[in-house]
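Here is the file run-v6.cif (mmCIF, C-alpha atoms and all ligand atoms).
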```cif
data_coords
loop_
_atom_site.label_atom_id
_atom_site.label_comp_id
_atom_site.auth_asym_id
_atom_site.auth_seq_id
_atom_site.Cartn_x
_atom_site.Cartn_y
_atom_site.Cartn_z
CA MET E 1 1.02 -4.11 15.28
CA GLU E 2 4.64 -3.85 14.34
CA ALA E 3 3.74 -0.95 12.07
CA TRP E 4 1.97 0.89 14.86
CA ARG E 5 4.92 0.40 17.24
CA PHE E 6 7.30 1.76 14.66
CA LEU E 7 5.15 4.79 13.96
CA SER E 8 4.74 5.48 17.70
CA SER E 9 8.46 5.26 18.31
CA MET E 10 9.15 7.64 15.43
CA THR E 11 6.57 10.21 16.42
CA ASN E 12 6.26 9.91 20.20
CA GLY E 13 6.65 13.35 21.76
CA LYS E 14 7.73 14.88 18.49
CA ARG E 15 6.11 17.41 16.33
CA VAL E 16 5.30 15.92 12.98
CA ARG E 17 4.13 17.70 9.90
CA LEU E 18 1.16 16.33 8.02
CA VAL E 19 0.91 17.15 4.37
CA GLN E 20 -2.48 16.42 2.94
CA GLY E 21 -3.60 16.26 -0.61
CA GLN E 22 -7.13 16.63 -1.90
CA ALA E 23 -8.45 13.56 -0.11
CA HIS E 24 -8.30 14.14 3.64
CA LEU E 25 -9.98 10.95 4.82
CA ASP E 26 -10.36 7.53 3.27
CA SER E 27 -13.68 5.71 3.09
CA TYR E 28 -13.01 4.29 6.58
CA GLY E 29 -12.54 7.74 8.09
CA ARG E 30 -8.79 7.39 8.49
CA ILE E 31 -6.63 10.46 7.97
CA LEU E 32 -4.67 10.41 4.74
CA ALA E 33 -1.44 12.34 4.79
CA TYR E 34 2.25 12.29 4.19
CA VAL E 35 3.90 12.50 7.59
CA TYR E 36 7.25 14.21 8.06
CA ASP E 37 9.39 14.16 11.18
CA PRO E 38 11.38 17.22 12.37
CA GLU E 39 14.35 16.09 10.28
CA GLY E 40 12.20 16.16 7.18
CA ARG E 41 12.04 12.39 6.70
CA MET E 42 8.86 11.05 5.21
CA LEU E 43 7.60 8.40 7.61
CA ASN E 44 5.34 6.83 4.99
CA PHE E 45 8.44 6.09 2.95
CA GLN E 46 10.26 4.58 5.91
CA MET E 47 7.32 2.34 6.75
CA VAL E 48 7.05 1.04 3.21
CA GLU E 49 10.81 0.62 3.06
CA LYS E 50 10.73 -1.52 6.21
CA GLY E 51 7.88 -3.65 4.91
CA LEU E 52 5.48 -2.31 7.55
CA ALA E 53 3.03 -0.79 5.13
CA HIS E 54 2.05 -1.11 1.52
CA VAL E 55 1.54 1.61 -1.03
CA LEU E 56 -1.97 2.87 -1.63
CA TYR E 57 -2.58 4.75 -4.84
CA LEU E 58 -5.15 7.51 -4.33
CA TYR E 59 -5.57 9.80 -7.26
CA PRO E 60 -4.96 12.77 -7.39
CA ASP E 61 -2.64 12.55 -4.36
CA VAL E 62 -0.05 10.48 -6.13
CA GLN E 63 3.01 12.77 -6.17
CA ALA E 64 5.08 10.32 -4.11
CA PHE E 65 3.70 7.15 -5.66
CA GLU E 66 6.72 6.21 -7.79
CA LYS E 67 9.11 6.90 -4.95
CA LEU E 68 7.05 4.81 -2.53
CA LEU E 69 6.67 2.02 -5.05
CA GLY E 70 10.45 1.90 -5.43
CA ALA E 71 10.75 1.43 -1.67
CA GLN E 72 8.05 -1.24 -1.76
CA ARG E 73 9.89 -3.19 -4.45
CA GLN E 74 13.09 -3.09 -2.39
CA ALA E 75 11.19 -4.31 0.67
CA LEU E 76 9.60 -7.14 -1.32
CA LYS E 77 12.92 -8.13 -2.82
CA ASN E 78 14.65 -8.15 0.57
CA LYS E 79 11.66 -9.69 2.37
CA GLN E 80 11.50 -6.88 4.90
CA GLY E 81 8.97 -6.76 7.71
CA LYS E 82 5.66 -8.38 6.93
CA TRP E 83 6.97 -9.74 3.61
CA ARG E 84 9.37 -12.06 5.42
CA ASN E 85 6.97 -14.96 5.89
CA PHE E 86 4.11 -13.62 3.88
CA LYS E 87 1.67 -16.24 2.61
CA TRP E 88 1.15 -15.18 -0.96
CA GLU E 89 -2.12 -16.18 -2.50
CA GLN E 90 -2.12 -17.46 -6.01
CA GLY E 91 -4.27 -15.66 -8.50
CA PRO E 92 -5.24 -14.88 -10.94
CA PHE E 93 -6.38 -11.52 -9.69
CA VAL E 94 -7.93 -8.71 -11.64
CA GLY E 95 -6.33 -5.31 -11.37
CA ASN E 96 -7.84 -1.96 -12.22
CA HIS E 97 -5.11 -0.02 -13.92
CA ARG E 98 -6.87 3.29 -13.29
CA THR E 99 -7.46 2.93 -9.53
CA LYS E 100 -4.53 0.59 -8.84
CA ARG E 101 -6.60 -1.88 -6.82
CA PHE E 102 -6.73 -5.63 -7.33
CA HIS E 103 -9.54 -8.12 -6.74
CA ARG E 104 -10.50 -11.74 -6.88
CA PRO E 105 -12.12 -12.37 -10.27
CA ASP E 106 -15.50 -13.06 -8.61
CA CYS E 107 -15.54 -9.77 -6.65
CA SER E 108 -18.43 -7.51 -7.68
CA SER E 109 -15.98 -4.62 -8.07
CA ALA E 110 -13.83 -6.70 -10.41
CA GLN E 111 -16.79 -7.32 -12.64
CA THR E 112 -17.47 -3.63 -13.15
CA ILE E 113 -13.95 -2.71 -14.25
CA ASN E 114 -13.93 -1.24 -17.72
CA SER E 115 -12.08 -3.70 -19.97
CA LYS E 116 -9.77 -0.83 -21.00
CA HIS E 117 -8.48 -0.66 -17.42
CA SER E 118 -8.56 -4.35 -16.57
CA VAL E 119 -5.24 -6.13 -15.99
CA LEU E 120 -4.64 -9.79 -15.15
CA LEU E 121 -2.19 -10.37 -12.28
CA LYS E 122 -0.87 -13.83 -11.58
CA ASN E 123 -0.46 -13.54 -7.82
CA GLU E 124 -0.45 -11.08 -4.93
CA ARG E 125 3.25 -10.49 -5.07
CA GLU E 126 3.08 -9.44 -8.70
CA ALA E 127 0.18 -7.14 -7.89
CA LEU E 128 2.12 -5.47 -5.08
CA TRP E 129 5.21 -5.21 -7.26
CA GLU E 130 3.19 -3.33 -9.86
CA GLY E 131 1.80 -0.97 -7.24
CA TYR E 132 -1.71 -2.43 -6.91
CA ALA E 133 -3.28 -2.46 -3.45
CA PRO E 134 -5.68 -5.19 -2.30
CA CYS E 135 -9.44 -4.64 -2.34
CA ARG E 136 -10.74 -4.66 1.22
CA GLN E 137 -13.94 -6.41 0.26
CA CYS E 138 -12.62 -9.53 -1.43
CA LEU E 139 -9.11 -9.91 -0.02
CA SER E 140 -8.22 -10.62 3.59
CA PHE E 141 -4.79 -9.18 2.94
CA ALA E 142 -5.08 -6.17 5.24
CA LYS E 143 -5.93 -8.38 8.22
CA LYS E 144 -3.20 -10.90 7.52
CA LYS E 145 -0.52 -11.22 10.18
CA SER E 146 3.12 -11.10 9.25
ZN ZN V 1 -12.63 -6.81 -4.63
#
```

Written as structure tokens, how would this file's structure read?
Ligand SMILES: [Zn+2]
Amino acid sequence: MEAWRFLSSMTNGKRVRLVQGQAHLDSYGRILAYVYDPEGRMLNFQMVEKGLAHVLYLYPDVQAFEKLLGAQRQALKNKQGKWRNFKWEQGPFVGNHRTKRFHRPDCSSAQTINSKHSVLLKNEREALWEGYAPCRQCLSFAKKKS
């Protein structure tokens, strides 16, 4: 909930600007957007930088991906936010280079990855470092507490 508190404090009572790409909602019905405060700061970037969120690659809305990944690497290196006491799971994991998601090898989605796009990742940290986001079916990552 630290992430939610931060976002509330940054946006409470302020007008924010949402910039959406082609995908407006994710498969869970959540709004996908870059959020800017009145000073023009991208809140997504600040959340990743503080280790409160991880980068999610969603083609074709990937204009800020490299920038956000840079912030994520800094946060990982400095053990910011949820990375401070994060319990990294050992792999190996299977990454899909095209969608930038990673899975346990026995996940049904992992088994359908075209071998051209399949990448072996030795642990979760390496996956995050390379910009892969955890599969919500086979990894409990998203529910993990910091
Ligand atoms: Zn999976």

Could the residues of chain E that have an atom at most 10 Å from ligand ZN 1 (chain V) be listed as CSV, each with its closest atom pair and the distance in Å to one decimal, counting only C-alpha atoms and all ligand atoms and ordered by chain and ascending residue number?
```
residue,atom,partner,partner_atom,distance
E:Phe93,CA,V:ZN1,ZN,9.3
E:Val94,CA,V:ZN1,ZN,8.7
E:Gly95,CA,V:ZN1,ZN,9.3
E:Arg101,CA,V:ZN1,ZN,8.1
E:Phe102,CA,V:ZN1,ZN,6.6
E:His103,CA,V:ZN1,ZN,4.0
E:Arg104,CA,V:ZN1,ZN,5.8
E:Pro105,CA,V:ZN1,ZN,7.9
E:Asp106,CA,V:ZN1,ZN,7.9
E:Cys107,CA,V:ZN1,ZN,4.6
E:Ser108,CA,V:ZN1,ZN,6.6
E:Ser109,CA,V:ZN1,ZN,5.3
E:Ala110,CA,V:ZN1,ZN,5.9
E:Gln111,CA,V:ZN1,ZN,9.0
E:Pro134,CA,V:ZN1,ZN,7.5
E:Cys135,CA,V:ZN1,ZN,4.5
E:Arg136,CA,V:ZN1,ZN,6.5
E:Gln137,CA,V:ZN1,ZN,5.1
E:Cys138,CA,V:ZN1,ZN,4.2
E:Leu139,CA,V:ZN1,ZN,6.6
```

Q | Non-local contacts of Leu52 in chain E (9 Å; all atoms listed in the file; under 3 positions in same chain excluded) as number ranges by chain | A | E: 2-4, 6, 46-49, 80-83

**Q.** For range 114-117 of chain E: contacts at 8 Å, all atoms listed in the file, fewer than 5 positions along chain excluded, given as a PyMOL selection string
**A.** chain E and resi 95-98

Q | Residue with smallest distance to Pro60 in chain E - pool E:Leu128, E:Leu120, E:Ala23, E:Leu32, counting only C-alpha atoms | A | E:Ala23

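Going from CA of Asp37 in chain E over to CA of Thr99 in chain E, you cover 29.0 Å.
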
To test the calculation: enclose all listed atoms of range 92-107 of chain E in a box whose edges run along x, y and z, add 3 Å on each side, then state centre and edge lengths in Å to one decimal, as AutoDock Vina command-line options.
```
--center_x -10.0 --center_y -5.8 --center_z -10.3 --size_x 17.0 --size_y 24.2 --size_z 13.3
```

**Q.** CA of Leu7 in chain E to CA of Ala133 in chain E, straight-line distance in Å
**A.**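 So the two atoms, CA of Ala133 in chain E and CA of Leu7 in chain E, lie 20.7 Å apart.
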
Q.
Residues near range 13-15 of chain E, anyone? I mean within 12 Å using all atoms listed in the file, not counting same-chain ones fewer than 6 positions away, as a PyMOL selection string.
A. chain E and resi 7+35-40

Could you write out that same residue set with C-alpha atoms as an mmCIF file, in the frame of the given file?
```
data_model
loop_
_atom_site.group_PDB
_atom_site.id
_atom_site.type_symbol
_atom_site.label_atom_id
_atom_site.label_comp_id
_atom_site.auth_asym_id
_atom_site.auth_seq_id
_atom_site.Cartn_x
_atom_site.Cartn_y
_atom_site.Cartn_z
ATOM 1 C CA LEU E 7 5.150 4.790 13.960
ATOM 2 C CA VAL E 35 3.900 12.500 7.590
ATOM 3 C CA TYR E 36 7.250 14.210 8.060
ATOM 4 C CA ASP E 37 9.390 14.160 11.180
ATOM 5 C CA PRO E 38 11.380 17.220 12.370
ATOM 6 C CA GLU E 39 14.350 16.090 10.280
ATOM 7 C CA GLY E 40 12.200 16.160 7.180
#
```

Q. Please, what distance in Å, to one decimal, runs between CA of Glu124 in chain E and CA of His54 in chain E?
A.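 Distance reported for this atom pair: 12.1 Å.
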
Q. Smallest atom-to-atom distance to Glu66 in chain E: which of E:Lys50, E:Lys79, E:Leu25, E:Trp129, using all atoms listed in the file?
A.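 The shortest atom-to-atom distance to Glu66 in chain E comes from E:Trp129.
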
Q: Can you work out which one of E:Gly29, E:Ala75, E:Val62, E:Pro92 has the shortest atom-to-atom distance to Lys122 in chain E, counting only C-alpha atoms?
A: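 For Lys122 in chain E, the nearest of the given residues is E:Pro92.
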
Q | Given all atoms listed in the file as the counted atoms, nearest of E:Ile113, E:Ala64, E:Leu58, E:Lys77 to Ser27 in chain E | A |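 Nearest candidate to Ser27 in chain E out of E:Ile113, E:Ala64, E:Leu58, E:Lys77: E:Leu58.
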
Q. Using all atoms listed in the file, which of the listed residues (E:Ser118, E:Ser140, E:Ser8, E:Gln22) sits closest to Gln63 in chain E?
A. E:Gln22
